[in-house]
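Chemist: Below is the structure I would like to discuss, written out as structure tokens.
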Amino acid sequence: MENLGALALILAFCLSIYAIAGSIIGKWKNKPFLVLSAERAVYSIWFLVATAVGILIHALVTGDFRLSYVAQNTNHAMPWYYKVAAWWGGQAGSLMLWAFVLSTYSAVVVYQNRRKFREMMPYVVTVLMVVQAFFLMLIAFVISPFNVLMQGKGIVDVGDGRGLNPLLQYWTMIIHPPILYMGYVGFVVPFAFAMASLITKQPGDDWIFTTRRWAIVTWFFQTTGVLLGAGWAYAVLGWGGYWGWDAVENASLLPWLTSTSFLHSVLMQEKKGMMKVWNMVLVSATFFLCIFGTTLTRTGLVSSVHAFAQSPIGVYFFTFLAVGIAATVYLILDRLDYLKSESHMESVISRESSFLFNNLILLASCFSILWGTLFPVISEAVTGEKISVDGPFFNRVNIPIGLFLLFLTGVGPLIAWRRSSIESLKKAFFWPVAVSLALVAGLMISGMRHPYALMSFGLCLFVTATVFGEFFKGAKAIRAKNGMNFIAATVELTHRNTRRYGGYLVHMGVVAMFIGFTGAAFNLDSTVEAAKGDSFKLGRYELKVRDISDSENADYVSRKAAIDIFVGEKQIDTLYPERRFYKASQQGTSEVAIRRQLNEDLYLNFAGANDPKKAVVQAYVFPLVSWIWIGFWILFAGTIVCLTPSKIRMQYARTEVVGIARNYAEIQK
Amino acid sequence: MKTYTKFALLVVAIIATLGWLAASGINETKTYYKEIKEVRAMGQKAQDGRLRVGGDVVPGSIVREGKEVRFTIHQEDLKLNVIYAGIDPLPDTFKDGSQALVDGKLRQDGIFQASKIQAKCASKYEAKPMQKPAIQQKQASL
């Protein structure tokens with residue numbers, strides 16, 4: 001079976017090369033049947049990769065421990081869903097997941113556009129297949145998931161495997177990698193269309209219109225993937241946080257920052273015909289950062305909590321990145337004439353300007369994180385000494401950036417395109433500014449002194465006020481015209497321009513997340529070694545260790561503490577933090593116990609035990625953390641609204657502006 | 001003032017502020033990667049800055065005393081005694097024989113006071129499929 005799987009991958013690799021050649025030669029020699037056969041090859045690749053995936057999953061679930069990948073990532077005692085998830089538990093498998101997701105997306109793209117964009121499609125297929133060929137090459141020839149364990153000339157069949165890393169045995173870890181990959185890989189599609197549009201010298205913005213939905217959907221997957229990772233770190237890793245500025249976390253955030261930036265700046269191109277080069281740069285940067293993220297996670301370039309070994313594939317990735325970036329830069333420079341801006345900035349106080357600064361600041365954040373992550377590598381190359389920077393560095397730069405972004409989120413929607421007068425600004429911003437200043441004053445009176453926290457809460461209310469103001473104004477106008485009630489009018493308003501109002505909802509999700517992030521300014525923690533019957537205090541809580549008990553099953557041995565939570569005299573809850581030791585992988589894990597509330601989480605971690613009667617317990621209070629996850633759901637709802645087709649097709653102001661300019665020029669003549 | 005000049009000034013102001021924040025952030029949190037050998041060679045100077053030292057945890061050396069954890073890491077023959085009393089829990093991957101990265105400062109008495117510990121398990125099976133090529137390589141070089 002493993003031979004069949006390996007063969008399928010090799011065949012798929014050959015077909016991807018064929019698809020590249022077929023598309024280019026077919027387009028060049030004007031042979032439509034070659035182009036068509038290249039598109040058919042894309043479907044076949046999906047079928048072949050899916051077969052290989054099926055074989056691997058079968059081996060994982062049935063426990064075929066002759067395969068080194070199976071032996072390293074599963075064991076008998078694991079439940080079946082973790083055996084399936086072991087597909088992406090290791091290096092070779094996760095690269096195969098990449099290849100599989102990409103082959104699926106490619107097949108969808110080819111099917112969707114089978115009658116459209118005949119000029120561009122061969123090149124779209126080419127770009128997709130170049131990436132596909134690269135990943136297939138890795139899993140077919142360099143680190144195959146189908147390698148068998150060998151000793152001398154005999155195949156070794158170990159009795160049982162090492163098991164999936166127990167830290168990964170958690171529900172978010174089943175869906176986190178596939179979702180993050182769906183986000184990472186998805187950006188190949190807008191990138192492929194962008195490149196195809198450059199190669200074929202398309203003057204228009206077709207690539208943006210066709211890939212707009214792709215961009216939104218994959219952006220949403222990226223967001224979800226990043227947040228699932230954060231949620232996993234919070235609930236499983238037990239270091240009492242959701243974000244540690246670890247190299248791998250940073251790697252997942254980098255493309256998110258550029259893609260967020262891209263989603264905003266394409267609006268400028270759609271409406272004003274501006275920032276065309278910039279959008280090309282952003283879509284390419286996002287794509288290459290996705291590849292770079294995969295490189296960072298899979299090659300151990302920078303030391304990280306993710307325990308992936310140093311591996312030989314780094315060289316391949318860096319070669320791919322270098323060649324790809326060089327080709328893209330060349331292409332963009334060569335086609336600059338086709339990317340001329342149709343209008344220009346007229347005022348610092350304008351919608352355009354808010355977009356410009358949004359982009360600048362997101363890119364600055366991206367650059368600072370990239371710089372910090374690669375600092376050990378850079379410093380070693382420059383000074384010969386390997387120096388790393390830490391969480392405080394990232395926070396110092398990115399907290400002000402975050403606050404400035406929040407400010408722009410509130411300001412952007414209210415400023416007019418082209419230019420705004422001071423009068424109209426006063427009118428638009430009076431109430432939002434007034435209520436948020438009132439909130440800040442109130443918080444200061446009640447004793448809050450943390451400057452960033454005050455700013456953050458103030459800005460959160462500011463953005464909320466502007467967004468509600470927008471909905472209110474629009475709905476009021478519709479109610480006055482159609483006589484609908486207010487809720488129906490709001491729905492109608494949203495339906496008329498889903499992207500705009502869905503976008504506002506996404507902004508509200510981000511606001512909720514910022515409320516959650518700001519809570520971190522008020523965290524409390526305490527570590528105690530406690531025996532049965534001991535009690536200790538944290539914040540307003542009184543924690544009492546009621547019991548410490550041991551148990552064992554096939555998978556692990558565990559020690560669990562039962563801790564009663566009191567506020568004042570009243571017992572409000574009991575938490576059971578647990579420490580497990582997995583037999584197959586010989587590794588301990590913490591099962592943290594969290595009491596999640598809207599105002600604050602109480603978080604208990606069974607950190608270890610020096611003697612069997614005592615437990616080292618780390619207790620934390622995390623104010624407002626739940627708002628991060630609530631924010632995600634608001635963002636999800638907003639994304640769905642964005643993806644719903646608008647009732648009215650938007651007439652873009654841009655065509656009008658161009659038209660007027662032309663008339664004006666004619667009159668002048 | 002021309003619009004574009006205004007933009008340029010704003011952009012420069014923003015970037016300069018962020019650059020300044022970044023530079024001061026780097027200076028305050030920078031940590032030098034050193035091998036145990038290099039730490040020894042640095043002598044007194046090793047006590048000045050923050051260091052990050054890597055090594056394998058000596059099996060059996062992990063001792064927990066209340067909130068404090070003591071252990072020894074080694075790299076070939078060189079050993080370094082470490083005390084950890086940080087707020088963050090030890091990573092689950094930290095155990096006998098795992099590769100550990102300890103962040104912190106070297107104390108006057110030569111014990112390393114760690115404030116952060118990262119750990120990675122040594123892979124068990126990883127070596128096996130490689131054995132055959134390794135033998136072949138040896139034969140080829142003979």
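Letters A, B, ... go to the chains of the structure tokens in the order shown; residues in each chain start at 1; ligands are counted from 1 in the same order.
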Would you give me, as a CSV table (one decimal) with C-alpha atoms, in the first residue's frame, the residues in region 14-213 of chain A that DSSP reads as helix (DSSP H, G or I)?
Modeler:
```csv
chain,number,residue,atom,x,y,z
A,14,CYS,CA,5.0,14.5,-13.0
A,15,LEU,CA,1.5,15.7,-13.8
A,16,SER,CA,2.2,19.0,-12.2
A,17,ILE,CA,5.3,19.4,-14.4
A,18,TYR,CA,3.1,18.4,-17.3
A,19,ALA,CA,0.5,21.0,-16.4
A,20,ILE,CA,3.1,23.8,-16.3
A,21,ALA,CA,4.5,22.8,-19.6
A,22,GLY,CA,1.1,22.2,-21.2
A,23,SER,CA,-0.2,25.6,-20.1
A,24,ILE,CA,2.8,27.6,-21.3
A,25,ILE,CA,3.4,25.8,-24.6
A,26,GLY,CA,-0.3,25.6,-25.3
A,27,LYS,CA,-0.7,29.3,-24.8
A,28,TRP,CA,2.5,30.1,-26.7
A,32,PRO,CA,-6.2,25.1,-26.9
A,33,PHE,CA,-6.2,21.3,-26.5
A,34,LEU,CA,-2.8,21.5,-24.7
A,35,VAL,CA,-4.2,24.1,-22.4
A,36,LEU,CA,-7.3,22.0,-21.8
A,37,SER,CA,-5.2,18.9,-21.1
A,38,ALA,CA,-3.2,20.9,-18.5
A,39,GLU,CA,-6.4,21.8,-16.8
A,40,ARG,CA,-7.5,18.2,-16.8
A,41,ALA,CA,-4.1,17.3,-15.3
A,42,VAL,CA,-5.0,19.6,-12.4
A,43,TYR,CA,-8.1,17.4,-11.6
A,44,SER,CA,-6.0,14.3,-11.9
A,45,ILE,CA,-3.5,15.7,-9.4
A,46,TRP,CA,-6.2,16.2,-6.9
A,47,PHE,CA,-7.3,12.6,-7.4
A,48,LEU,CA,-3.7,11.2,-7.0
A,49,VAL,CA,-3.0,13.3,-3.9
A,50,ALA,CA,-6.3,12.3,-2.4
A,51,THR,CA,-5.4,8.7,-3.0
A,52,ALA,CA,-2.1,9.1,-1.2
A,53,VAL,CA,-3.9,10.9,1.6
A,54,GLY,CA,-6.4,8.1,1.8
A,55,ILE,CA,-3.6,5.5,2.0
A,56,LEU,CA,-1.8,7.5,4.7
A,57,ILE,CA,-4.9,7.9,6.8
A,58,HIS,CA,-5.7,4.2,6.4
A,59,ALA,CA,-2.2,3.3,7.7
A,60,LEU,CA,-2.6,5.7,10.6
A,61,VAL,CA,-5.9,4.4,11.7
A,62,THR,CA,-5.1,0.7,11.3
A,68,SER,CA,8.1,5.4,10.3
A,69,TYR,CA,5.6,8.3,10.0
A,70,VAL,CA,2.9,6.1,11.6
A,71,ALA,CA,5.2,4.9,14.4
A,72,GLN,CA,6.3,8.4,15.2
A,73,ASN,CA,2.8,9.9,15.4
A,80,TRP,CA,-9.5,7.3,16.2
A,81,TYR,CA,-9.9,11.0,15.7
A,82,TYR,CA,-6.5,11.7,17.0
A,83,LYS,CA,-5.1,9.0,14.7
A,84,VAL,CA,-6.6,10.8,11.7
A,85,ALA,CA,-5.3,14.1,13.1
A,86,ALA,CA,-1.8,12.5,13.3
A,87,TRP,CA,-1.9,13.1,9.5
A,88,TRP,CA,-0.6,16.6,10.2
A,91,GLN,CA,6.6,17.2,9.1
A,92,ALA,CA,6.0,15.0,6.1
A,93,GLY,CA,2.3,14.7,6.8
A,94,SER,CA,1.8,18.4,7.2
A,95,LEU,CA,3.5,19.1,3.9
A,96,MET,CA,1.2,16.6,2.4
A,97,LEU,CA,-1.7,18.5,3.9
A,98,TRP,CA,-0.4,21.6,2.2
A,99,ALA,CA,-0.2,19.7,-1.1
A,100,PHE,CA,-3.7,18.3,-0.7
A,101,VAL,CA,-5.3,21.7,0.2
A,102,LEU,CA,-3.5,23.3,-2.7
A,103,SER,CA,-4.6,20.6,-5.2
A,104,THR,CA,-8.2,21.0,-4.0
A,105,TYR,CA,-8.1,24.8,-4.4
A,106,SER,CA,-6.5,24.4,-7.8
A,107,ALA,CA,-9.2,22.0,-9.0
A,108,VAL,CA,-11.9,24.4,-7.7
A,109,VAL,CA,-10.3,27.4,-9.5
A,110,VAL,CA,-10.0,25.5,-12.8
A,111,TYR,CA,-13.6,24.3,-12.5
A,112,GLN,CA,-15.0,27.8,-11.6
A,121,MET,CA,-6.1,31.0,-17.0
A,122,PRO,CA,-3.1,29.2,-18.5
A,123,TYR,CA,-0.8,31.4,-16.4
A,124,VAL,CA,-3.0,31.0,-13.3
A,125,VAL,CA,-2.6,27.2,-13.8
A,126,THR,CA,1.1,27.7,-14.3
A,127,VAL,CA,1.6,29.6,-11.0
A,128,LEU,CA,-0.6,27.2,-9.1
A,129,MET,CA,1.2,24.2,-10.5
A,130,VAL,CA,4.7,25.6,-9.8
A,131,VAL,CA,3.8,25.8,-6.1
A,132,GLN,CA,2.1,22.4,-6.3
A,133,ALA,CA,5.2,20.8,-8.0
A,134,PHE,CA,7.4,22.2,-5.2
A,135,PHE,CA,5.4,20.7,-2.4
A,136,LEU,CA,4.9,17.4,-4.3
A,137,MET,CA,8.6,17.2,-4.9
A,138,LEU,CA,9.3,17.6,-1.2
A,139,ILE,CA,6.9,14.8,-0.2
A,140,ALA,CA,7.6,12.5,-3.1
A,141,PHE,CA,11.4,12.6,-3.0
A,142,VAL,CA,12.8,14.4,0.1
A,166,PRO,CA,0.1,14.6,23.9
A,167,LEU,CA,0.1,18.4,23.8
A,168,LEU,CA,-1.6,18.0,20.4
A,171,TRP,CA,-9.9,19.4,20.0
A,172,THR,CA,-8.6,22.7,18.6
A,173,MET,CA,-5.5,20.9,17.5
A,174,ILE,CA,-7.6,18.6,15.3
A,175,ILE,CA,-8.8,21.6,13.3
A,176,HIS,CA,-6.2,24.3,13.9
A,177,PRO,CA,-3.6,23.0,11.3
A,178,PRO,CA,-6.1,22.3,8.5
A,179,ILE,CA,-7.8,25.7,9.0
A,180,LEU,CA,-4.5,27.6,9.2
A,181,TYR,CA,-3.3,25.8,6.1
A,182,MET,CA,-6.6,26.6,4.3
A,183,GLY,CA,-5.8,30.2,5.0
A,184,TYR,CA,-2.2,30.0,4.1
A,185,VAL,CA,-2.7,28.0,0.9
A,186,GLY,CA,-5.7,30.0,-0.1
A,188,VAL,CA,-1.9,31.2,-3.6
A,189,VAL,CA,-5.1,31.8,-5.7
A,190,PRO,CA,-5.2,35.6,-5.5
A,191,PHE,CA,-1.4,35.6,-6.0
A,192,ALA,CA,-1.7,33.3,-9.1
A,193,PHE,CA,-4.4,35.6,-10.6
A,194,ALA,CA,-2.3,38.7,-9.9
A,195,MET,CA,0.7,37.2,-11.6
A,196,ALA,CA,-1.3,36.0,-14.5
A,197,SER,CA,-2.8,39.5,-14.9
A,198,LEU,CA,0.8,40.9,-14.9
A,199,ILE,CA,2.1,38.3,-17.4
A,206,ASP,CA,-10.1,41.6,-13.2
A,207,TRP,CA,-7.8,39.7,-10.9
A,208,ILE,CA,-9.1,41.7,-7.9
A,209,PHE,CA,-12.8,41.3,-8.7
A,210,THR,CA,-12.5,37.5,-9.2
A,211,THR,CA,-10.3,36.8,-6.2
A,212,ARG,CA,-12.1,39.2,-3.8
A,213,ARG,CA,-14.1,36.3,-2.3
```
Chemist: If you run DSSP on the backbone, which residues of region 6-129 of chain B are strand (DSSP E or B), as a PyMOL selection string?
Modeler: chain B and resi 31-34+51-57+63-65+68-75+78-84+99-106+112-120
Chemist: Grab the CA of Thr260 (chain A) to CA of Thr639 (chain A) distance for me, in Å with one decimal place.
Modeler: 12.8 Å
Chemist: Which one of B:Asp96, B:Leu78, B:Arg50, B:Glu38 sits closest to Lys116 (chain B) if you count only C-alpha atoms?
Modeler: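 Among the listed residues, the smallest separation from Lys116 (chain B) belongs to B:Arg50.
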Chemist: Determine, counting only C-alpha atoms, which protein, DNA and RNA residues have an atom within 9 Å of an atom of Ile117 (chain B); residues of the same chain fewer than 4 positions away are not included. Present the result as number ranges by chain.
Modeler: B: 84, 86, 88-91, 94, 100-104
Chemist: If you count only C-alpha atoms, which residues fall within 7 Å of Ser549 (chain A), apart from same-chain ones fewer than 2 positions away, as a list in words?
Modeler: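 What passes the distance filter is Asp547, Ser551, Arg559, Lys560 and Ala561 of chain A.
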Chemist: For CA of Pro255 (chain A) and CA of Gln222 (chain A), determine how far apart the two atoms are, in Å to one decimal place.
Modeler: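 Those two atoms sit 8.3 Å apart.
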Chemist: Please list as a PDB file with C-alpha atoms, in the first residue's frame every residue within 9 Å of Phe288 (chain A), counting only C-alpha atoms and excluding residues in the same chain fewer than 6 positions away.
Modeler:
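After the write, out19.pdb holds the following:
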```
ATOM      1  CA  PRO A 255       0.726  36.796   6.430  1.00  0.00           C
ATOM      2  CA  LEU A 321      11.501  31.681  -1.795  1.00  0.00           C
ATOM      3  CA  GLY A 324       9.964  33.157  -6.430  1.00  0.00           C
ATOM      4  CA  ILE A 325      10.586  36.583  -4.916  1.00  0.00           C
TER       5      ILE A 325
END
```
Chemist: Rank nothing, just name the residue among A:Val617, A:Ala251, A:Ile563, A:Val625 nearest to chain B, using only C-alpha atoms.
Modeler: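 Among A:Val617, A:Ala251, A:Ile563, A:Val625, it is A:Val617 that comes nearest to chain B.
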Chemist: Env of Glu65 (chain B): 10 Å cut, atoms = only C-alpha atoms, seq-sep filter 2 positions within chain, self excluded. Answer as a count of residues only.
Modeler: 11
Chemist: Pick the closest to chain A from B:Gln118, B:Gln113, B:Gln108, B:Gln75: which is it, counting only C-alpha atoms?
Modeler: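 So, comparing all the options, the nearest one is B:Gln118.
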Chemist: Near Ile634 (chain A), counting only C-alpha atoms, which residues have an atom at most 8 Å away, once you skip same-chain residues fewer than 4 positions from it, shown as a PyMOL selection string?
Modeler: chain A and resi 505-506+508-509+630+638
